[in-house]
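K.L.:
Starting off with a structure, shown below.
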Amino acid sequence: MNATGQSRWANFFINGSLLFLVALWTIPTLGLLVSSVRTRFDIATSGWWAILPHQEWVLVDEIEIDDDLDRDGVMNIAGVTGTFEELREGIETEDGMQVLWIGNRRTGRVEVQEQQWVMRTDLTLDNYSNVLTGKEYQITQPDGTVITEQGDDMTAAFLNSLTVTIPATVIPILIAAFAAYGFAWMRFPGRKILFTVVVALLVVPLQIALVPILSDYRVLGLNGTFLAIWLAHTGFGLPLATYLLYSYVKGLPRDILESAFIDGASHFTIFLRLILPLSIPALASFAIFQFLWVWNDYLVALVFIGAAPDVQVLTMRLAEIVGSRGADWHLLTAGAFVTMVLPMVVFFSLQRFFVRGLLAGSVKG
Amino acid sequence: MKSKTQWLILSLVVIMAFALAACGGATDGAAADCVNDCLDRALAGEFSGEVVTMTGPFVDVDAIKFNDSIASFEEQTGIDIQYEGSQEFESAISIRVDAGDPPNIVDFPQPGLMANFASTGDIVDVTTFLPDSALGNYNDSWNQMATVPGPDGDIQAGVFHRFNGKSIVWYPIDDFEAAGYAIPETWDELIALSDQILADGDAPWCVGIGSGAATGWVATDWMEEIMLRTTSLENYDAWVAGDLAFSSPEVTNAAEVLSSVWSEDYVFGGAAAIVTTEFGDAPTPMFEDPPRCWLHKQGNFITSFFPESAVAGEDYGFFYLPGIDDAYGKPFLVAGDIMSLMKDSNAARAVMHYFTQGEAVKEWLAAGGALSPHLDAELSWYGNDVERGVAEIVAASTSFRFDGSDLMPGEVGAGSFWEEMTNYFSGATDLTSALENIDASWPR
């Protein structure tokens, strides 16, 4: 009895804290989602939680102020008496109403308000349509006519992002899988040193490589091409990929490989028939890492393919949506949800490998 | 053991070979040889089919306005101007220049950044290929502001393309008139008006200096305005050049004047709101009915942050921020964009020449969002009364100076000046130590 009581409390505690943590992480996202369907003015003047039912003072009657009222003295309006300062704060009447002076002493008006339950439900999909189909610009011409120009939509940027991301995910995985097998199961001189060099590259920040690589690309004429950014992402992703896959491949049971050797299988056959199928969890989990990283990357894309509209990727398009001085900041939330869609699909379709992959190499056999 | 060493040597050799291959760079492009006549030759179609690459910080609707305004030039000359804007322009251009791959022409929003590249010899002196008539299309101050030290003496590192006027105060016209307030002509009247608004129960000033990583720049603009109004132009120039310390009596005085305006009572939301309010949101309370604050000083670009329903001339208008001391006249603070030639070619030179003509911004003026520094630009070109009015004020001002923080070295103008003013107005430091900290951060 006692024992089950304890475990029930323990369960309750664990579930409670989990629930709390989940809420803590989800509520800001929920706030973003709500903000993405509100107008700019609404976002600026009230929080997203205003869409929930809450009590608010609502206007029931407006009172014109007599011009000859002494606004510096004590006034008697709508059954309450008070000075201007008191009226500005709001004076409550006995039947639960509030008399409030709105505006300044000279031009203000007086409202009688009542507390009511309200919800702000004036939501809009304009943000999403602006993001997806492009903003409409009203441009005045020198002759005074106004023409409407449609800004770029996200389609081109979305395709560009795909063009960048898919090869930039597949290429490093292929190379790293070969390398991991080589480091783990082939005996050749300098193996340890080479592997140490690869692992050491993990700590080199990619920013220091931008300038030298860019000047190499200039010589090779690769600047602004997709090949340039595939190679760059491959290079930047390889150390982690090699290390991750090495740990996993190294942990595969030695017996399987040895029996294959005895049966006369070549390295290539073993790699293709045994290693690849067995390391799918590790491959998939690295694919998620690399895909998300490349998809969300801004800097590498900016440097190697630039921001020209025909090659720019989604992150750049998203940054541009706010305008030169950030006047259209309210579109960011909608833009963020749009760009989030594909990574979510990738994550959920590969997530069953993800947890297994996270453990890749953590326990070595 | 021996084979291990061999492998090591071999791999080292391979690495070295790659490195060497990378170092041997090719030189690009045909030589640029046209002087003074580049534009004429371009208009004759000589450079037809050539591509001129450009980068700059403006994106979105501004990029559309720019492309509209160069369309007729491209049609006439056959030159293809490819503009590529990015929000991270500052870091992108530095990387590209370091890698030896600059675009032909760069739009610099801050002369300070341009000066960095000019001092390393990455910018072509425009006086070497532009005729005097082209440079003569500017008030001399513009040419002086674009003149910076090069590797061998001063060079004019670019030509101004468009600018923003800063010394203007926005107010809600309809409510202003209903309340019977008058537009202040002098600083004393401005303060009297502020007191009047305060006595009537509202906060006079809408102020917000928040701007992400650039929080504080609004405060530096105000400091520059007050400096121009309380001390001589020589002192202002010395201050911008680093010869007049921030802790000097002149600058300290300006900061004190600013503190008297940005006081607990004068600012909407109290002094605590100054730092926490985004600069774009700051004027929003002015458009509520009735307004909750009444005055907002900001450059003409701020109209794009006003509510879409607000009508110029009815819901909002503007007046010149009055001078403080008559001895210093009616100064005007501006900021603007300079076009610099970084990768030389005949076609790029022709485009540079084109940028010295008012024609190059005509469409942009009509569309709104820019002012023209060109002498041959006509007031009738402006598409809205606000910008035409600002242009008139600029023309009537007795002197004008460029936004000082944009001219100061990046460590100060885009760093400590912003940060320390933010610290001061958030109450994190006192004025004396804030100003001393800025002095200490100045690269000597």
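Letters A, B, ... mark the chains of the structure tokens in the order given; residue numbers begin at 1 per chain; ligand numbers begin at 1, in order shown.
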Report as a Markdown table the residues of chain A within 7 Å of chain B, each with its shortest atom pair and distance in Å (one decimal), using only C-alpha atoms, ordered by chain and increasing residue number.

P.N.:
```
| residue | atom | partner | partner_atom | distance |
| --- | --- | --- | --- | --- |
| A:Gly103 | CA | B:Pro290 | CA | 5.2 |
| A:Asn104 | CA | B:Gly201 | CA | 5.2 |
| A:Arg105 | CA | B:Asp200 | CA | 4.8 |
| A:Arg106 | CA | B:Ala179 | CA | 5.7 |
| A:Thr107 | CA | B:Ala179 | CA | 5.7 |
| A:Tyr137 | CA | B:Val61 | CA | 6.9 |
| A:Ile139 | CA | B:Ala367 | CA | 5.2 |
| A:Thr140 | CA | B:Ala367 | CA | 4.4 |
| A:Gln141 | CA | B:Ala366 | CA | 5.6 |
| A:Pro142 | CA | B:Ala366 | CA | 5.0 |
| A:Pro189 | CA | B:Lys4 | CA | 5.1 |
| A:Gly190 | CA | B:Lys4 | CA | 5.6 |
| A:Val211 | CA | B:Ala99 | CA | 5.1 |
| A:Pro212 | CA | B:Ala99 | CA | 6.5 |
| A:Leu214 | CA | B:Ala99 | CA | 5.7 |
| A:Ser215 | CA | B:Ala99 | CA | 4.4 |
| A:Asp216 | CA | B:Ala22 | CA | 5.2 |
| A:Arg218 | CA | B:Asp101 | CA | 6.8 |
| A:Val219 | CA | B:Gly25 | CA | 5.7 |
| A:Val303 | CA | B:Ala92 | CA | 6.3 |
| A:Ala307 | CA | B:Glu84 | CA | 5.8 |
| A:Ala308 | CA | B:Glu84 | CA | 4.9 |
| A:Ala319 | CA | B:Gln87 | CA | 6.8 |
| A:Glu320 | CA | B:Asp60 | CA | 6.0 |
| A:Ile321 | CA | B:Asp60 | CA | 6.6 |
| A:Gly323 | CA | B:Asp60 | CA | 5.2 |
| A:Ser324 | CA | B:Phe58 | CA | 5.0 |
| A:Ala327 | CA | B:Phe305 | CA | 5.5 |
```

K.L.:
If you count only C-alpha atoms, which residues fall within 8 Å of range 128-135 of chain A, apart from same-chain ones fewer than 2 positions away, as a list in words?

P.N.:
Ser36, Val37, Leu125, Asp126, Tyr137, Gln150, Gly151, Asp152, Asp153, Met154, Thr155, Ile321, Leu331, Ala334 and Gly335 of chain A

K.L.:
Now that the selection is made, can you save its residues with N, CA and C atoms as a compact mmCIF listing (two decimals), in the first residue's frame?

P.N.:
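Output file selection_31.txt is given in full below:
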```
# COMPACT_ATOMS: atom_id res chain seq x y z
N SER A 36 0.68 35.09 -36.01
CA SER A 36 0.80 35.04 -37.46
C SER A 36 -0.54 35.25 -38.15
N VAL A 37 -1.64 35.17 -37.41
CA VAL A 37 -2.94 35.42 -38.04
C VAL A 37 -3.57 36.71 -37.51
N LEU A 125 -5.86 36.12 -42.59
CA LEU A 125 -4.85 35.30 -43.26
C LEU A 125 -3.98 36.15 -44.19
N ASP A 126 -4.13 37.48 -44.08
CA ASP A 126 -3.38 38.37 -44.96
C ASP A 126 -1.87 38.15 -44.87
N TYR A 137 2.82 46.01 -54.11
CA TYR A 137 3.36 47.34 -53.88
C TYR A 137 2.62 48.34 -54.76
N GLN A 150 3.54 43.26 -58.14
CA GLN A 150 3.48 42.10 -57.27
C GLN A 150 4.91 41.69 -56.92
N GLY A 151 5.19 41.58 -55.62
CA GLY A 151 6.52 41.17 -55.20
C GLY A 151 6.71 39.68 -55.44
N ASP A 152 7.94 39.23 -55.24
CA ASP A 152 8.23 37.81 -55.44
C ASP A 152 7.46 36.96 -54.44
N ASP A 153 6.97 35.82 -54.87
CA ASP A 153 6.39 34.91 -53.91
C ASP A 153 7.48 33.96 -53.42
N MET A 154 7.06 32.97 -52.65
CA MET A 154 8.07 32.12 -52.02
C MET A 154 8.43 30.91 -52.87
N THR A 155 7.70 30.69 -53.98
CA THR A 155 7.92 29.47 -54.74
C THR A 155 9.37 29.32 -55.18
N ILE A 321 11.61 39.88 -46.39
CA ILE A 321 10.19 40.18 -46.31
C ILE A 321 9.92 41.38 -45.41
N LEU A 331 5.10 40.20 -40.73
CA LEU A 331 5.02 39.07 -41.65
C LEU A 331 5.95 37.93 -41.24
N ALA A 334 4.32 34.58 -39.87
CA ALA A 334 3.72 33.76 -40.92
C ALA A 334 4.83 33.12 -41.76
N GLY A 335 5.84 33.91 -42.10
CA GLY A 335 6.95 33.39 -42.90
C GLY A 335 7.65 32.24 -42.19
```

K.L.:
Would you please give, as a list in words, all residues of range 123-187 of chain B that DSSP assigns to strand (DSSP E) based on the backbone?

P.N.:
Thr147, Val148, Pro149, Gly150, Gly153, Asp154, Ile155, Gln156, Val159, Phe160, His161, Arg162, Phe163, Asn164, Gly165, Ile168, Val169, Trp170 and Tyr171 of chain B

K.L.:
Emit the selected residues as a PDB file, in the first residue's frame, including N, CA and C atoms.

P.N.:
```pdb
ATOM      1  N   THR B 147      34.503  62.411 -49.549  1.00  0.00           N
ATOM      2  CA  THR B 147      35.959  62.421 -49.678  1.00  0.00           C
ATOM      3  C   THR B 147      36.595  61.883 -48.402  1.00  0.00           C
ATOM      4  N   VAL B 148      37.370  60.824 -48.554  1.00  0.00           N
ATOM      5  CA  VAL B 148      37.960  60.153 -47.390  1.00  0.00           C
ATOM      6  C   VAL B 148      39.411  59.810 -47.707  1.00  0.00           C
ATOM      7  N   PRO B 149      40.213  59.512 -46.684  1.00  0.00           N
ATOM      8  CA  PRO B 149      41.606  59.162 -46.950  1.00  0.00           C
ATOM      9  C   PRO B 149      41.738  57.845 -47.701  1.00  0.00           C
ATOM     10  N   GLY B 150      42.522  57.858 -48.786  1.00  0.00           N
ATOM     11  CA  GLY B 150      42.847  56.625 -49.495  1.00  0.00           C
ATOM     12  C   GLY B 150      44.236  56.189 -49.081  1.00  0.00           C
ATOM     13  N   GLY B 153      46.766  59.513 -49.954  1.00  0.00           N
ATOM     14  CA  GLY B 153      46.077  60.798 -49.922  1.00  0.00           C
ATOM     15  C   GLY B 153      44.582  60.668 -50.100  1.00  0.00           C
ATOM     16  N   ASP B 154      43.893  61.822 -49.978  1.00  0.00           N
ATOM     17  CA  ASP B 154      42.435  61.805 -50.009  1.00  0.00           C
ATOM     18  C   ASP B 154      41.909  61.456 -51.393  1.00  0.00           C
ATOM     19  N   ILE B 155      40.821  60.685 -51.408  1.00  0.00           N
ATOM     20  CA  ILE B 155      40.124  60.409 -52.662  1.00  0.00           C
ATOM     21  C   ILE B 155      38.637  60.660 -52.453  1.00  0.00           C
ATOM     22  N   GLN B 156      37.954  60.982 -53.555  1.00  0.00           N
ATOM     23  CA  GLN B 156      36.491  60.993 -53.444  1.00  0.00           C
ATOM     24  C   GLN B 156      36.010  59.598 -53.777  1.00  0.00           C
ATOM     25  N   VAL B 159      29.771  58.770 -55.089  1.00  0.00           N
ATOM     26  CA  VAL B 159      28.842  59.869 -55.330  1.00  0.00           C
ATOM     27  C   VAL B 159      27.527  59.554 -54.632  1.00  0.00           C
ATOM     28  N   PHE B 160      26.901  60.588 -54.074  1.00  0.00           N
ATOM     29  CA  PHE B 160      25.642  60.364 -53.374  1.00  0.00           C
ATOM     30  C   PHE B 160      24.524  60.090 -54.365  1.00  0.00           C
ATOM     31  N   HIS B 161      23.675  59.164 -53.983  1.00  0.00           N
ATOM     32  CA  HIS B 161      22.581  58.756 -54.856  1.00  0.00           C
ATOM     33  C   HIS B 161      21.243  59.268 -54.339  1.00  0.00           C
ATOM     34  N   ARG B 162      21.040  59.201 -53.030  1.00  0.00           N
ATOM     35  CA  ARG B 162      19.785  59.687 -52.442  1.00  0.00           C
ATOM     36  C   ARG B 162      20.018  59.870 -50.950  1.00  0.00           C
ATOM     37  N   PHE B 163      19.119  60.572 -50.299  1.00  0.00           N
ATOM     38  CA  PHE B 163      19.323  60.762 -48.861  1.00  0.00           C
ATOM     39  C   PHE B 163      18.005  60.860 -48.119  1.00  0.00           C
ATOM     40  N   ASN B 164      18.124  60.842 -46.790  1.00  0.00           N
ATOM     41  CA  ASN B 164      16.983  60.986 -45.893  1.00  0.00           C
ATOM     42  C   ASN B 164      17.197  62.229 -45.044  1.00  0.00           C
ATOM     43  N   GLY B 165      16.147  62.991 -44.825  1.00  0.00           N
ATOM     44  CA  GLY B 165      16.241  64.131 -43.924  1.00  0.00           C
ATOM     45  C   GLY B 165      15.877  63.704 -42.523  1.00  0.00           C
ATOM     46  N   ILE B 168      13.405  66.524 -38.595  1.00  0.00           N
ATOM     47  CA  ILE B 168      11.995  66.898 -38.657  1.00  0.00           C
ATOM     48  C   ILE B 168      11.210  66.228 -37.536  1.00  0.00           C
ATOM     49  N   VAL B 169      10.173  66.960 -37.105  1.00  0.00           N
ATOM     50  CA  VAL B 169       9.330  66.489 -36.015  1.00  0.00           C
ATOM     51  C   VAL B 169       7.937  66.222 -36.574  1.00  0.00           C
ATOM     52  N   TRP B 170       7.431  65.035 -36.325  1.00  0.00           N
ATOM     53  CA  TRP B 170       6.103  64.659 -36.815  1.00  0.00           C
ATOM     54  C   TRP B 170       5.072  64.965 -35.743  1.00  0.00           C
ATOM     55  N   TYR B 171       3.875  65.349 -36.180  1.00  0.00           N
ATOM     56  CA  TYR B 171       2.810  65.614 -35.214  1.00  0.00           C
ATOM     57  C   TYR B 171       1.466  65.304 -35.874  1.00  0.00           C
TER      58      TYR B 171
END
```

K.L.:
Quick one: everything within 12 Å of Thr432 in chain B, counting only C-alpha atoms, minus sequence neighbours fewer than 6 positions away in the same chain. Send it as a ChimeraX atom specification.

P.N.:
/B:245-249,251-253,255-256,420-421,423-424,438-439

K.L.:
Please write the residues from the selection above to a file, keeping C-alpha atoms, as an mmCIF file, in the first residue's frame.

P.N.:
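result-v8.cif, freshly written:
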```
data_model
loop_
_atom_site.group_PDB
_atom_site.id
_atom_site.type_symbol
_atom_site.label_atom_id
_atom_site.label_comp_id
_atom_site.auth_asym_id
_atom_site.auth_seq_id
_atom_site.Cartn_x
_atom_site.Cartn_y
_atom_site.Cartn_z
ATOM 1 C CA ALA B 245 36.100 64.198 -26.902
ATOM 2 C CA PHE B 246 32.686 62.973 -25.816
ATOM 3 C CA SER B 247 33.574 64.078 -22.304
ATOM 4 C CA SER B 248 34.184 67.639 -23.502
ATOM 5 C CA PRO B 249 31.855 70.381 -22.206
ATOM 6 C CA VAL B 251 29.152 67.109 -25.956
ATOM 7 C CA THR B 252 28.268 66.825 -22.280
ATOM 8 C CA ASN B 253 26.057 69.871 -22.645
ATOM 9 C CA ALA B 255 23.666 65.153 -23.676
ATOM 10 C CA GLU B 256 22.234 67.219 -20.835
ATOM 11 C CA GLU B 420 26.493 53.763 -23.943
ATOM 12 C CA MET B 421 23.558 56.021 -24.819
ATOM 13 C CA ASN B 423 23.011 52.318 -20.933
ATOM 14 C CA TYR B 424 22.636 55.923 -19.905
ATOM 15 C CA ILE B 438 32.723 56.089 -25.553
ATOM 16 C CA ASP B 439 35.974 58.061 -25.550
#
```
